[in-house]
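The structure appears below as C-alpha cells.
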Amino acid sequence: MKLAADRVLGLCLIGLAAFVAVQAVRLHVPFSYDPVGPKAFPLILAILLAALSLVLVLKPGSNGHWPDRSLAVKLLAVLAALLVYALLFTRLGFVVTTLLAAVALARIFAAPWGKALLTGVLMAVGSYYLFTAGLGISLPSGEWLRPFI
C-alpha cells in the first residue's frame, strides 16, 4: 500500500494538535477577565484540528499525491521564511520582520521585485496600523530601535 500524502499530513497535524492541547492545559494565568479563561480557545482549536486531521487519516482524498520537487522546495522555503519570521519578530520588530517576510514570500512565488517590495511595505505598515490603532494591540518595535527611542 502506498502511503498517501494526506495520511502523512493528517498524522503530523494530529501530533500538532496534541502539542497545542498539552501546552494549553499547562497554561497558567494568575488572573483572567474571561470566565472560561485562556485555555478554552487553544483547546477548542486543538480538538477541531485533531478531528479534521483524523478525517484525513481515515479517508484520504483520491488525489493525495506527493507534490513535485519544485513545489516541495517552495513549500520548504515558505516554512523556512515563517520560521525566520518567528525567530526575528521581537528582535527586529513587527514592521521590519513583516516587510521582510512578505517580500520573501512574494519572491518565492516569482513576484517581481517591485511588486514584492510594494506588497511588503503595504502589508507591514497597513497591518501595523490595523493592530495598533484599530485593535489596540501593542506590537514589538524591535530591540534595534531601543537606543533611538
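Labels for the C-alpha cells follow display order: chains A, B, ..., residues from 1 in each chain, ligands from 1.
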Using only C-alpha atoms, find each residue in stretch 9-72 of chain A having at least one atom no more than 12 Å away from stretch 99-122 of chain A; report its shortest atom-to-atom pair and that distance in Å (one decimal), rows by chain then rising number, as CSV.
residue,atom,partner,partner_atom,distance
A:Ser70,CA,A:Phe109,CA,11.0
A:Leu71,CA,A:Phe109,CA,9.9
A:Ala72,CA,A:Ile108,CA,11.9
| request: Tell me, as a count of residues only, which residues lie within 8 Å of stretch 79-95 of chain A, counting only C-alpha atoms; anything in the same chain fewer than 6 positions away does not count. | output: 12
| task | Have a look at A:Val29, A:Trp66, A:Phe19, A:Ile14 and name the one nearest to A:Leu48; count only C-alpha atoms. | result | A:Ile14
| Skipping near chain neighbours, those fewer than 3 positions away, what residues fall within 8 Å of stretch 55-61 of chain A using only C-alpha atoms, listed as a list in words? |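 Contacts, with the query itself left out: Ala4, Asp6, Arg7, Val8, Leu9, Gly10, Leu11, Ala51, Leu52 and Gly64 of chain A.
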Expected file contents, prior selection, N, CA and C atoms, as a short mmCIF file (atom, residue, chain, number, x, y, z; two decimals), in the first residue's frame:
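out-v5.cif written:
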data_model
loop_
_atom_site.label_atom_id
_atom_site.label_comp_id
_atom_site.auth_asym_id
_atom_site.auth_seq_id
_atom_site.Cartn_x
_atom_site.Cartn_y
_atom_site.Cartn_z
N ALA A 4 -0.33 7.59 1.36
CA ALA A 4 -0.87 8.81 0.77
C ALA A 4 -0.35 10.03 1.53
N ASP A 6 -1.96 12.65 2.14
CA ASP A 6 -3.00 13.11 3.06
C ASP A 6 -2.86 12.43 4.42
N ARG A 7 -2.53 11.14 4.41
CA ARG A 7 -2.40 10.41 5.68
C ARG A 7 -1.19 10.91 6.48
N VAL A 8 -0.10 11.16 5.80
CA VAL A 8 1.09 11.67 6.48
C VAL A 8 0.80 13.05 7.07
N LEU A 9 0.16 13.90 6.28
CA LEU A 9 -0.20 15.22 6.77
C LEU A 9 -1.16 15.11 7.95
N GLY A 10 -2.14 14.23 7.85
CA GLY A 10 -3.08 14.04 8.94
C GLY A 10 -2.40 13.62 10.23
N LEU A 11 -1.45 12.69 10.14
CA LEU A 11 -0.72 12.25 11.33
C LEU A 11 0.12 13.38 11.92
N ALA A 51 -9.76 16.43 15.10
CA ALA A 51 -10.91 15.77 14.46
C ALA A 51 -10.80 15.84 12.94
N LEU A 52 -10.45 17.00 12.40
CA LEU A 52 -10.33 17.14 10.95
C LEU A 52 -9.12 16.37 10.41
N GLY A 64 -4.46 12.23 -3.40
CA GLY A 64 -3.49 12.55 -2.36
C GLY A 64 -2.08 12.19 -2.77
#
| request: Pick out each residue of stretch 3-136 of chain A that DSSP on the backbone tags as alpha helix (DSSP H); I need them as number ranges by chain. | output: A: 5-26, 40-58, 69-92, 94-108, 113-129
| query | What does the distance from atom CA of A:Pro30 to atom CA of A:Ser138 come to in Å, to one decimal? | reply | 21.1 Å
| Shell around A:Ala18 at 8 Å using only C-alpha atoms, local window under 3 positions removed, as a VMD selection string | chain A and resid 14 to 15 21 to 22 46 50
Limited to N, CA and C atoms, could you put the picked residues into a file as a tab-separated table (two decimals), in the first residue's frame?
chain	number	residue	atom	x	y	z
A	14	ILE	N	-2.24	15.74	13.70
A	14	ILE	CA	-2.69	15.18	14.97
A	14	ILE	C	-1.61	15.39	16.04
A	15	GLY	N	-0.36	15.22	15.66
A	15	GLY	CA	0.74	15.50	16.58
A	15	GLY	C	0.77	16.96	17.00
A	21	ALA	N	-2.71	21.10	22.59
A	21	ALA	CA	-3.58	20.76	23.72
A	21	ALA	C	-2.76	20.68	25.02
A	22	VAL	N	-1.60	20.04	24.97
A	22	VAL	CA	-0.76	19.92	26.16
A	22	VAL	C	-0.30	21.31	26.62
A	46	ALA	N	-7.44	22.84	19.14
A	46	ALA	CA	-6.71	21.57	19.11
A	46	ALA	C	-7.66	20.41	18.86
A	50	ALA	N	-7.56	18.11	15.55
A	50	ALA	CA	-7.41	16.65	15.66
A	50	ALA	C	-8.54	15.93	14.95
| field | For atom CA of A:Ile44 and atom CA of A:Val20, the interatomic separation in Å (one decimal) | value |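 Interatomic distance, atom CA of A:Ile44 to atom CA of A:Val20: 10.0 Å.
Considering only C-alpha atoms, the residue among A:His28, A:Leu13, A:Gln23, A:Thr132 positioned nearest to A:Leu49 is A:Leu13.
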| said: Please compute the atom CA of A:Ser127-atom CA of A:Thr98 distance, one decimal, in Å. | reply: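 Between atom CA of A:Ser127 and atom CA of A:Thr98 the gap is 9.0 Å.
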